[in-house]
>>> print(open('entry-v9.txt').read())   # compact mmCIF, C-alpha atoms
# COMPACT_ATOMS: atom_id res chain seq x y z
CA MET Y 1 106.36 103.05 138.81
CA GLY Y 2 103.03 103.89 140.34
CA VAL Y 3 100.94 103.62 137.17
CA THR Y 4 99.01 100.48 136.29
CA ARG Y 5 99.46 99.52 132.64
CA VAL Y 6 96.62 97.77 130.82
CA GLN Y 7 99.08 95.20 129.47
CA ASN Y 8 99.74 94.13 133.06
CA VAL Y 9 96.02 94.12 133.94
CA ALA Y 10 95.38 91.90 130.92
CA SER Y 11 98.02 89.39 131.99
CA LEU Y 12 96.15 88.95 135.31
CA SER Y 13 92.63 88.91 133.85
CA LYS Y 14 91.47 85.37 133.12
CA ASN Y 15 87.68 85.44 132.83
CA ASP Y 16 86.68 88.90 134.06
CA ILE Y 17 87.96 92.46 133.86
CA PRO Y 18 88.16 95.17 136.57
CA ALA Y 19 85.04 97.30 136.99
CA GLU Y 20 86.72 100.49 135.71
CA PHE Y 21 86.97 98.92 132.24
CA ILE Y 22 83.31 97.90 132.01
CA ARG Y 23 81.42 100.47 129.92
CA SER Y 24 77.83 101.52 130.54
CA GLU Y 25 75.16 99.62 128.59
CA THR Y 26 74.86 102.52 126.14
CA GLU Y 27 78.53 101.95 125.17
CA GLN Y 28 79.12 98.21 125.53
CA PRO Y 29 80.07 96.87 122.10
CA GLY Y 30 78.30 93.59 122.80
CA ILE Y 31 75.01 95.52 122.95
CA THR Y 32 75.61 98.50 120.65
CA THR Y 33 77.38 96.95 117.61
CA VAL Y 34 75.31 95.99 114.56
CA LYS Y 35 76.15 92.28 114.29
CA GLY Y 36 77.28 90.59 111.11
CA VAL Y 37 77.59 93.75 109.01
CA ASN Y 38 80.86 95.36 107.90
CA LEU Y 39 80.59 99.00 106.94
CA GLN Y 40 81.81 99.43 103.37
CA VAL Y 41 83.67 102.71 103.67
CA PRO Y 42 84.98 104.21 100.41
CA VAL Y 43 88.17 102.74 98.95
CA ILE Y 44 90.31 105.10 96.86
CA ASP Y 45 93.02 103.86 94.50
CA PHE Y 46 95.81 106.44 94.58
CA SER Y 47 97.47 104.85 91.53
CA ASN Y 48 94.51 105.74 89.30
CA PRO Y 49 95.97 107.81 86.42
CA ASP Y 50 92.74 109.84 86.27
CA GLU Y 51 93.71 112.49 88.84
CA GLU Y 52 90.37 114.29 88.63
CA ALA Y 53 88.58 111.06 89.54
CA VAL Y 54 90.83 110.58 92.58
CA ILE Y 55 90.21 114.16 93.72
CA GLU Y 56 86.46 113.71 93.34
CA GLN Y 57 86.55 110.47 95.36
CA VAL Y 58 88.55 112.11 98.17
CA VAL Y 59 86.15 115.07 98.27
CA GLU Y 60 83.00 112.93 98.25
CA ALA Y 61 84.34 110.55 100.90
CA SER Y 62 85.43 113.50 103.08
CA ARG Y 63 82.00 115.12 102.79
CA HIS Y 64 79.79 112.08 103.30
CA TRP Y 65 81.89 109.65 105.33
CA GLY Y 66 84.85 111.34 107.02
CA MET Y 67 86.68 107.99 106.75
CA TYR Y 68 88.12 106.08 103.82
CA GLN Y 69 90.85 103.64 102.88
CA ILE Y 70 93.61 104.41 100.39
CA VAL Y 71 95.14 101.58 98.38
CA ASN Y 72 98.20 101.70 96.10
CA HIS Y 73 99.38 104.72 98.09
CA GLY Y 74 103.04 104.33 97.17
CA ILE Y 75 104.38 103.34 100.60
CA PRO Y 76 106.27 100.04 100.12
CA SER Y 77 104.81 97.15 102.08
CA GLU Y 78 108.19 96.39 103.66
CA VAL Y 79 108.38 99.96 105.02
CA ILE Y 80 105.01 99.49 106.73
CA ALA Y 81 106.04 96.00 107.92
CA ASN Y 82 109.20 97.45 109.51
CA LEU Y 83 107.20 100.19 111.24
CA GLN Y 84 104.87 97.54 112.67
CA SER Y 85 107.70 95.20 113.64
CA VAL Y 86 109.67 97.73 115.72
CA GLY Y 87 106.49 98.93 117.45
CA LYS Y 88 105.45 95.39 118.33
CA THR Y 89 108.94 94.62 119.63
CA PHE Y 90 108.84 97.69 121.90
CA PHE Y 91 105.56 96.65 123.54
CA GLU Y 92 106.92 93.13 124.13
CA LEU Y 93 109.88 94.48 126.13
CA PRO Y 94 110.04 94.11 129.93
CA GLN Y 95 107.95 96.74 131.70
CA GLU Y 96 110.90 98.61 133.21
CA GLU Y 97 112.39 99.10 129.74
CA LYS Y 98 109.17 100.57 128.35
CA GLU Y 99 109.00 102.94 131.31
CA LEU Y 100 112.31 104.51 130.21
CA VAL Y 101 110.30 106.50 127.64
CA SER Y 102 107.23 107.10 129.82
CA LYS Y 103 105.47 110.45 129.74
CA LEU Y 104 106.68 113.38 131.79
CA PRO Y 105 104.12 115.55 133.66
CA GLY Y 106 102.25 117.75 131.22
CA SER Y 107 103.62 115.98 128.15
CA VAL Y 108 101.55 114.20 125.52
CA GLU Y 109 104.63 112.43 124.19
CA GLY Y 110 105.93 109.21 125.67
CA TYR Y 111 104.68 105.81 126.82
CA GLY Y 112 101.49 105.83 128.85
CA THR Y 113 97.95 104.67 129.48
CA MET Y 114 95.48 107.46 130.26
CA LEU Y 115 95.08 110.08 127.54
CA GLN Y 116 92.08 112.25 128.33
CA LYS Y 117 89.45 112.82 130.95
CA GLU Y 118 87.06 109.88 130.89
CA LEU Y 119 83.44 110.28 131.87
CA GLU Y 120 82.35 108.16 134.86
CA GLY Y 121 85.99 107.32 135.54
CA LYS Y 122 86.04 104.53 132.95
CA LYS Y 123 89.28 103.39 131.34
CA GLY Y 124 90.13 102.25 127.85
CA TRP Y 125 91.67 98.81 127.31
CA VAL Y 126 94.84 100.21 125.73
CA ASP Y 127 98.39 101.39 126.36
CA HIS Y 128 100.11 103.74 123.94
CA LEU Y 129 103.30 105.44 122.84
CA PHE Y 130 103.22 108.98 121.44
CA HIS Y 131 106.00 110.94 119.78
CA LYS Y 132 106.36 113.51 117.01
CA VAL Y 133 107.96 112.28 113.81
CA TRP Y 134 107.88 115.56 111.81
CA PRO Y 135 109.06 118.32 111.39
CA PRO Y 136 112.64 117.69 112.55
CA SER Y 137 112.55 120.83 114.73
CA ALA Y 138 109.63 119.36 116.74
CA ILE Y 139 111.15 115.92 117.33
CA ASN Y 140 112.30 114.97 120.84
CA HIS Y 141 114.18 111.68 120.65
CA ARG Y 142 113.94 111.30 124.42
CA PHE Y 143 110.54 109.70 123.74
CA TRP Y 144 111.75 107.40 120.94
CA PRO Y 145 112.62 103.90 122.15
CA LYS Y 146 116.31 102.95 121.90
CA ASN Y 147 115.28 99.31 121.81
CA PRO Y 148 114.85 97.86 119.22
CA SER Y 149 117.90 99.54 117.71
CA SER Y 150 116.21 99.86 114.28
CA TYR Y 151 113.23 101.78 115.76
CA ARG Y 152 114.37 105.22 114.64
CA GLU Y 153 115.32 104.14 111.12
CA ALA Y 154 111.98 102.36 110.57
CA ASN Y 155 109.98 105.40 111.69
CA GLU Y 156 112.01 107.88 109.64
CA GLU Y 157 111.64 105.74 106.51
CA TYR Y 158 107.86 105.54 106.94
CA VAL Y 159 107.53 109.31 107.34
CA LYS Y 160 109.64 109.89 104.22
CA TYR Y 161 107.00 108.09 102.15
CA LEU Y 162 104.04 109.50 104.08
CA HIS Y 163 104.70 113.07 102.88
CA GLY Y 164 103.54 112.29 99.34
CA VAL Y 165 100.22 110.84 100.50
CA ILE Y 166 99.58 113.80 102.79
CA ASP Y 167 100.34 116.39 100.09
CA LYS Y 168 97.98 114.67 97.67
CA LEU Y 169 95.21 114.58 100.27
CA PHE Y 170 95.56 118.27 101.19
CA LYS Y 171 95.59 119.35 97.54
CA SER Y 172 92.48 117.27 96.82
CA LEU Y 173 90.66 118.68 99.84
CA GLY Y 174 91.59 122.21 98.77
CA LYS Y 175 90.26 121.71 95.24
CA GLY Y 176 87.00 120.42 96.69
CA LEU Y 177 86.65 123.72 98.57
CA GLY Y 178 87.62 125.90 95.61
CA LEU Y 179 90.90 126.91 97.29
CA GLU Y 180 94.40 127.12 95.83
CA GLN Y 181 96.30 123.85 96.05
CA ASP Y 182 98.37 124.66 99.16
CA GLU Y 183 95.82 126.73 101.08
CA VAL Y 184 94.42 123.87 103.17
CA ARG Y 185 97.87 122.77 104.25
CA GLU Y 186 98.86 126.36 105.08
CA ALA Y 187 95.64 126.89 107.05
CA VAL Y 188 96.47 123.97 109.36
CA GLY Y 189 100.09 124.92 110.00
CA GLY Y 190 102.05 124.69 106.74
CA ASP Y 191 105.68 123.73 107.29
CA ASN Y 192 105.08 123.70 111.06
CA LEU Y 193 102.32 121.10 110.85
CA ALA Y 194 103.27 118.36 113.33
CA TYR Y 195 103.06 114.65 112.53
CA LEU Y 196 102.30 112.98 115.85
CA LEU Y 197 102.67 109.20 115.79
CA LYS Y 198 100.73 107.11 118.25
CA ILE Y 199 101.13 103.38 118.68
CA ASN Y 200 98.05 101.83 120.25
CA TYR Y 201 98.52 98.49 122.00
CA TYR Y 202 95.30 96.66 122.86
CA PRO Y 203 96.14 93.48 124.80
CA PRO Y 204 93.87 90.41 124.64
CA CYS Y 205 90.67 90.99 126.64
CA PRO Y 206 88.55 88.20 128.22
CA ARG Y 207 85.35 90.33 128.01
CA PRO Y 208 85.47 92.25 124.73
CA ASP Y 209 81.68 92.59 124.85
CA LEU Y 210 82.00 94.91 127.88
CA ALA Y 211 85.14 96.96 127.19
CA LEU Y 212 86.35 99.48 124.61
CA GLY Y 213 89.89 100.21 123.51
CA VAL Y 214 89.17 103.88 122.86
CA PRO Y 215 85.65 105.29 123.41
CA ALA Y 216 83.65 107.21 120.80
CA HIS Y 217 85.45 110.34 119.59
CA THR Y 218 86.41 112.45 116.63
CA ASP Y 219 90.12 113.18 116.17
CA MET Y 220 91.11 116.73 117.08
CA SER Y 221 93.80 116.67 114.38
CA ALA Y 222 93.43 117.99 110.83
CA LEU Y 223 93.80 114.51 109.33
CA THR Y 224 94.73 111.11 110.70
CA LEU Y 225 96.43 108.42 108.61
CA LEU Y 226 96.39 105.01 110.23
CA VAL Y 227 98.05 101.65 109.70
CA PRO Y 228 96.46 98.76 111.63
CA ASN Y 229 97.75 95.25 112.25
CA GLU Y 230 95.74 92.29 110.95
CA VAL Y 231 93.34 92.22 113.94
CA GLN Y 232 90.08 94.05 113.24
CA GLY Y 233 88.71 96.54 115.77
CA LEU Y 234 87.84 99.90 114.22
CA GLN Y 235 84.18 100.94 114.36
CA ALA Y 236 82.40 103.93 112.83
CA PHE Y 237 79.08 105.53 113.75
CA ARG Y 238 76.74 105.70 110.78
CA ASP Y 239 73.00 106.39 110.61
CA GLY Y 240 72.66 106.12 114.37
CA HIS Y 241 74.46 102.78 114.74
CA TRP Y 242 77.94 101.36 115.37
CA TYR Y 243 79.45 99.20 112.65
CA ASP Y 244 82.71 97.29 112.26
CA VAL Y 245 84.99 98.70 109.55
CA LYS Y 246 86.81 95.90 107.76
CA TYR Y 247 90.39 96.68 106.83
CA ILE Y 248 91.83 96.07 103.42
CA PRO Y 249 95.37 94.64 103.69
CA ASN Y 250 98.08 97.25 103.00
CA ALA Y 251 95.59 100.13 102.91
CA LEU Y 252 95.95 103.40 104.80
CA VAL Y 253 92.87 104.40 106.79
CA VAL Y 254 92.18 108.15 106.62
CA HIS Y 255 90.09 110.01 109.20
CA ILE Y 256 88.93 113.57 108.65
CA GLY Y 257 89.72 115.36 111.92
CA ASP Y 258 88.10 118.30 113.68
CA GLN Y 259 90.44 120.92 112.17
CA VAL Y 260 89.54 120.07 108.56
CA GLU Y 261 85.84 120.07 109.48
CA ILE Y 262 86.29 123.50 111.10
CA LEU Y 263 88.43 124.89 108.27
CA SER Y 264 85.86 123.74 105.68
CA ASN Y 265 83.07 125.30 107.80
CA GLY Y 266 81.41 121.92 108.02
CA LYS Y 267 81.63 120.86 104.38
CA TYR Y 268 83.95 118.02 105.34
CA LYS Y 269 82.92 115.83 108.28
CA ALA Y 270 85.08 114.54 111.12
CA VAL Y 271 84.24 110.87 111.64
CA LEU Y 272 82.88 109.61 114.96
CA HIS Y 273 84.67 106.34 115.65
CA ARG Y 274 85.79 104.03 118.44
CA THR Y 275 87.91 100.90 118.86
CA THR Y 276 86.92 97.50 120.17
CA VAL Y 277 89.10 94.76 121.62
CA CYS Y 278 89.11 90.98 121.33
CA ASP Y 279 90.94 87.85 122.48
CA GLN Y 280 94.01 88.74 120.40
CA THR Y 281 96.55 91.55 120.63
CA ARG Y 282 95.52 94.40 118.37
CA MET Y 283 97.79 97.31 117.42
CA SER Y 284 97.46 100.41 115.27
CA TRP Y 285 99.77 103.21 114.14
CA PRO Y 286 97.86 106.46 113.57
CA VAL Y 287 99.73 109.62 112.58
CA PHE Y 288 97.83 112.74 113.61
CA LEU Y 289 98.50 115.88 111.58
CA GLU Y 290 98.26 118.67 114.15
CA PRO Y 291 98.65 122.46 113.91
CA PRO Y 292 101.23 124.05 116.24
CA THR Y 293 99.87 125.02 119.66
CA GLU Y 294 99.76 128.78 118.92
CA HIS Y 295 98.38 128.38 115.40
CA VAL Y 296 94.94 129.96 115.04
CA VAL Y 297 92.31 127.64 113.58
CA GLY Y 298 88.85 128.51 112.33
CA PRO Y 299 86.71 128.48 109.16
CA HIS Y 300 88.80 129.55 106.15
CA PRO Y 301 88.07 133.25 105.39
CA LYS Y 302 87.47 132.48 101.70
CA LEU Y 303 84.59 130.17 102.63
CA ILE Y 304 82.75 132.66 104.83
CA ASN Y 305 80.18 135.17 103.59
CA ASP Y 306 76.66 136.37 104.36
CA GLN Y 307 75.17 133.19 102.94
CA ASN Y 308 77.70 130.99 104.78
CA PRO Y 309 78.34 132.44 108.24
CA PRO Y 310 80.98 130.71 110.39
CA LYS Y 311 79.71 127.57 112.14
CA PHE Y 312 82.75 127.29 114.41
CA LYS Y 313 84.73 129.58 116.69
CA THR Y 314 88.24 130.69 115.76
CA LYS Y 315 90.85 129.96 118.45
CA THR Y 316 94.38 128.66 118.90
CA TYR Y 317 94.88 124.96 118.44
CA GLY Y 318 96.24 124.76 121.99
CA ASP Y 319 92.99 126.17 123.38
CA TYR Y 320 90.97 123.80 121.21
CA ALA Y 321 92.97 120.78 122.35
CA TYR Y 322 92.68 121.76 126.04
CA CYS Y 323 88.90 122.01 125.78
CA LYS Y 324 88.65 118.74 123.86
CA LEU Y 325 90.79 116.70 126.26
CA ASN Y 326 89.00 118.12 129.31
CA LYS Y 327 85.49 117.74 127.86
CA ILE Y 328 84.88 121.52 127.93
CA PRO Y 329 82.36 122.79 125.34
CA GLN Y 330 84.00 124.53 122.39
>>> encode(input="entry-v9.txt", output="structure tokens")
Amino acid sequence: MGVTRVQNVASLSKNDIPAEFIRSETEQPGITTVKGVNLQVPVIDFSNPDEEAVIEQVVEASRHWGMYQIVNHGIPSEVIANLQSVGKTFFELPQEEKELVSKLPGSVEGYGTMLQKELEGKKGWVDHLFHKVWPPSAINHRFWPKNPSSYREANEEYVKYLHGVIDKLFKSLGKGLGLEQDEVREAVGGDNLAYLLKINYYPPCPRPDLALGVPAHTDMSALTLLVPNEVQGLQAFRDGHWYDVKYIPNALVVHIGDQVEILSNGKYKAVLHRTTVCDQTRMSWPVFLEPPTEHVVGPHPKLINDQNPPKFKTKTYGDYAYCKLNKIPQ
């Protein structure tokens, strides 16, 4: 197999962890986390009959936080439970079975460990599985596990319900910018917008004070909608400090990604966040909404004028992603 999986490293780590997982002191969560304080990110009730109030809450949270939790979003709890169950079952399979859907050279999709260039050669305490779940033309089932047998059905059912949440978010974001209701969605890819599912698997870690699951970053997507399991671990950077973000059961966590910040010319803010680990297995299921590779992204033309010059370059999403993953200035 040739690649060391973090799940295997964890099974051999009793009291210590290998040096490549130990972050510098400026990153170690044991030193850099504000203790005993949970960041109260905005909570938005999508069942509120006052649509204008919901729009206003989405806009304000996207401007001032870049992260919020949606409750009463309309996705049945059993649909989310099934999504979580099949993902958990996959990561509990024997190693050789997981490797059947491992990444191919040059592919983001598939089962793997390393994702992007890490500074100082450090590694995150996480394995993952990536595959597109929408649109149908972009799906490659070669990267979807065959085991458990209900994996495909559970994922397709989740995506079916996710569309409504995504449409409502894009329309709200557009209204906040003074755009027509579908212009934000069209600007980030329209019908060709890809839904890229990632399952993060963070095995138990004997030194969670020294390691990170995923280091500090903003998502390069337009939006990210995330379902966690019951184990806490998401942190956000706020006012110069790192804080734990406490999940609300059955909520969807929304991250504003780089493409919405760029499109809005900085009115909406991509959230700087990271993930910590602990002595329990933590998992999360983010869906990244990504423009097609050749789609050109930049500040929306309707938002640019002499008083508001562009704050970001316009380029293809593929070029943007390449620079981001290889730590090349944009």
>>> closest_residue(input="entry-v9.txt", among="Y:Leu272, Y:Glu120, Y:Val188, Y:Met220", to="Cys323 (chain Y)", atoms="all atoms listed in the file")
Y:Met220
>>> atom_distance(input="entry-v9.txt", atom1="CA of Cys278 (chain Y)", atom2="CA of Ala211 (chain Y)")
9.3 Å
>>> closest_residue(input="entry-v9.txt", among="Y:Asp239, Y:Asp244, Y:Asp127, Y:Glu290", to="Asp191 (chain Y)", atoms="all atoms listed in the file")
Y:Glu290
>>> closest_residue(input="entry-v9.txt", among="Y:Val245, Y:Val231, Y:Val86, Y:Leu223", to="Pro204 (chain Y)", atoms="only C-alpha atoms")
Y:Val231
>>> closest_residue(input="entry-v9.txt", among="Y:Arg274, Y:His64, Y:Arg152, Y:Lys98", to="His217 (chain Y)", atoms="only C-alpha atoms")
Y:Arg274
>>> residues_around(input="entry-v9.txt", residues="Val43 (chain Y)", least_positions_apart="4", cutoff="12 Å", atoms="all atoms listed in the file", output="number ranges by chain")
Y: 39, 48, 54, 57-58, 60-62, 65, 67-73, 245-249, 251-254
>>> write_last_selection(input="entry-v9.txt", atoms="C-alpha atoms", output="tab-separated table (two decimals), in the coordinates of the input")
chain	number	residue	atom	x	y	z
Y	39	LEU	CA	80.59	99.00	106.94
Y	48	ASN	CA	94.51	105.74	89.30
Y	54	VAL	CA	90.83	110.58	92.58
Y	57	GLN	CA	86.55	110.47	95.36
Y	58	VAL	CA	88.55	112.11	98.17
Y	60	GLU	CA	83.00	112.93	98.25
Y	61	ALA	CA	84.34	110.55	100.90
Y	62	SER	CA	85.43	113.50	103.08
Y	65	TRP	CA	81.89	109.65	105.33
Y	67	MET	CA	86.68	107.99	106.75
Y	68	TYR	CA	88.12	106.08	103.82
Y	69	GLN	CA	90.85	103.64	102.88
Y	70	ILE	CA	93.61	104.41	100.39
Y	71	VAL	CA	95.14	101.58	98.38
Y	72	ASN	CA	98.20	101.70	96.10
Y	73	HIS	CA	99.38	104.72	98.09
Y	245	VAL	CA	84.99	98.70	109.55
Y	246	LYS	CA	86.81	95.90	107.76
Y	247	TYR	CA	90.39	96.68	106.83
Y	248	ILE	CA	91.83	96.07	103.42
Y	249	PRO	CA	95.37	94.64	103.69
Y	251	ALA	CA	95.59	100.13	102.91
Y	252	LEU	CA	95.95	103.40	104.80
Y	253	VAL	CA	92.87	104.40	106.79
Y	254	VAL	CA	92.18	108.15	106.62
>>> atom_distance(input="entry-v9.txt", atom1="CA of Asp209 (chain Y)", atom2="CA of Asp16 (chain Y)")
11.1 Å
>>> atom_distance(input="entry-v9.txt", atom1="CA of Asn250 (chain Y)", atom2="CA of Ser77 (chain Y)")
6.8 Å
>>> closest_residue(input="entry-v9.txt", among="Y:Leu104, Y:Val6, Y:Ile304, Y:Ile80", to="Lys160 (chain Y)", atoms="only C-alpha atoms")
Y:Ile80
>>> build_atoms(input="entry-v9.txt", residues="region 146-156 of chain Y", atoms="all heavy atoms", output="mmCIF file, keeping the file's coordinate frame")
data_model
loop_
_atom_site.group_PDB
_atom_site.id
_atom_site.type_symbol
_atom_site.label_atom_id
_atom_site.label_comp_id
_atom_site.auth_asym_id
_atom_site.auth_seq_id
_atom_site.Cartn_x
_atom_site.Cartn_y
_atom_site.Cartn_z
ATOM 1 N N LYS Y 146 114.976 103.338 122.383
ATOM 2 C CA LYS Y 146 116.310 102.950 121.900
ATOM 3 C C LYS Y 146 116.337 101.471 121.525
ATOM 4 O O LYS Y 146 117.215 101.014 120.800
ATOM 5 C CB LYS Y 146 117.352 103.199 123.003
ATOM 6 C CG LYS Y 146 117.387 104.630 123.540
ATOM 7 C CD LYS Y 146 118.050 105.590 122.566
ATOM 8 C CE LYS Y 146 118.242 106.975 123.168
ATOM 9 N NZ LYS Y 146 116.974 107.689 123.378
ATOM 10 N N ASN Y 147 115.396 100.741 122.059
ATOM 11 C CA ASN Y 147 115.280 99.310 121.810
ATOM 12 C C ASN Y 147 113.880 99.049 121.216
ATOM 13 O O ASN Y 147 112.895 99.467 121.811
ATOM 14 C CB ASN Y 147 115.455 98.549 123.127
ATOM 15 C CG ASN Y 147 115.528 97.046 122.950
ATOM 16 O OD1 ASN Y 147 115.483 96.536 121.838
ATOM 17 N ND2 ASN Y 147 115.647 96.342 124.065
ATOM 18 N N PRO Y 148 113.781 98.445 120.037
ATOM 19 C CA PRO Y 148 114.850 97.860 119.220
ATOM 20 C C PRO Y 148 115.718 98.933 118.551
ATOM 21 O O PRO Y 148 115.259 100.056 118.333
ATOM 22 C CB PRO Y 148 114.081 97.045 118.178
ATOM 23 C CG PRO Y 148 112.776 97.756 118.041
ATOM 24 C CD PRO Y 148 112.443 98.261 119.418
ATOM 25 N N SER Y 149 116.933 98.560 118.225
ATOM 26 C CA SER Y 149 117.900 99.540 117.710
ATOM 27 C C SER Y 149 117.488 100.112 116.352
ATOM 28 O O SER Y 149 117.910 101.203 115.989
ATOM 29 C CB SER Y 149 119.286 98.899 117.600
ATOM 30 O OG SER Y 149 119.226 97.758 116.751
ATOM 31 N N SER Y 150 116.644 99.386 115.610
ATOM 32 C CA SER Y 150 116.210 99.860 114.280
ATOM 33 C C SER Y 150 114.935 100.713 114.366
ATOM 34 O O SER Y 150 114.370 101.083 113.339
ATOM 35 C CB SER Y 150 115.964 98.672 113.359
ATOM 36 O OG SER Y 150 115.025 97.772 113.934
ATOM 37 N N TYR Y 151 114.494 101.045 115.590
ATOM 38 C CA TYR Y 151 113.230 101.780 115.760
ATOM 39 C C TYR Y 151 113.255 103.115 115.020
ATOM 40 O O TYR Y 151 112.331 103.442 114.257
ATOM 41 C CB TYR Y 151 112.942 102.014 117.251
ATOM 42 C CG TYR Y 151 111.603 102.667 117.487
ATOM 43 C CD1 TYR Y 151 110.461 101.899 117.678
ATOM 44 C CD2 TYR Y 151 111.458 104.059 117.502
ATOM 45 C CE1 TYR Y 151 109.214 102.482 117.866
ATOM 46 C CE2 TYR Y 151 110.223 104.654 117.676
ATOM 47 C CZ TYR Y 151 109.118 103.857 117.868
ATOM 48 O OH TYR Y 151 107.876 104.442 118.034
ATOM 49 N N ARG Y 152 114.307 103.880 115.234
ATOM 50 C CA ARG Y 152 114.370 105.220 114.640
ATOM 51 C C ARG Y 152 114.391 105.143 113.107
ATOM 52 O O ARG Y 152 113.653 105.864 112.426
ATOM 53 C CB ARG Y 152 115.604 105.955 115.160
ATOM 54 C CG ARG Y 152 115.774 107.346 114.576
ATOM 55 C CD ARG Y 152 116.849 108.116 115.331
ATOM 56 N NE ARG Y 152 117.167 109.374 114.663
ATOM 57 C CZ ARG Y 152 117.985 110.294 115.156
ATOM 58 N NH1 ARG Y 152 118.562 110.083 116.321
ATOM 59 N NH2 ARG Y 152 118.219 111.408 114.493
ATOM 60 N N GLU Y 153 115.206 104.270 112.579
ATOM 61 C CA GLU Y 153 115.320 104.140 111.120
ATOM 62 C C GLU Y 153 113.975 103.747 110.490
ATOM 63 O O GLU Y 153 113.572 104.318 109.468
ATOM 64 C CB GLU Y 153 116.372 103.074 110.787
ATOM 65 C CG GLU Y 153 116.597 102.888 109.300
ATOM 66 C CD GLU Y 153 117.529 101.723 109.011
ATOM 67 O OE1 GLU Y 153 118.085 101.121 109.960
ATOM 68 O OE2 GLU Y 153 117.700 101.400 107.822
ATOM 69 N N ALA Y 154 113.262 102.818 111.113
ATOM 70 C CA ALA Y 154 111.980 102.360 110.570
ATOM 71 C C ALA Y 154 110.946 103.481 110.556
ATOM 72 O O ALA Y 154 110.178 103.625 109.592
ATOM 73 C CB ALA Y 154 111.468 101.174 111.383
ATOM 74 N N ASN Y 155 110.933 104.291 111.611
ATOM 75 C CA ASN Y 155 109.980 105.400 111.690
ATOM 76 C C ASN Y 155 110.315 106.498 110.686
ATOM 77 O O ASN Y 155 109.429 107.050 110.024
ATOM 78 C CB ASN Y 155 109.936 105.960 113.105
ATOM 79 C CG ASN Y 155 109.030 105.162 114.019
ATOM 80 O OD1 ASN Y 155 107.877 105.509 114.229
ATOM 81 N ND2 ASN Y 155 109.535 104.048 114.545
ATOM 82 N N GLU Y 156 111.597 106.824 110.572
ATOM 83 C CA GLU Y 156 112.010 107.880 109.640
ATOM 84 C C GLU Y 156 111.715 107.484 108.193
ATOM 85 O O GLU Y 156 111.317 108.318 107.366
ATOM 86 C CB GLU Y 156 113.492 108.192 109.836
ATOM 87 C CG GLU Y 156 113.753 108.930 111.143
ATOM 88 C CD GLU Y 156 115.228 109.178 111.429
ATOM 89 O OE1 GLU Y 156 116.080 108.549 110.775
ATOM 90 O OE2 GLU Y 156 115.522 110.000 112.319
#
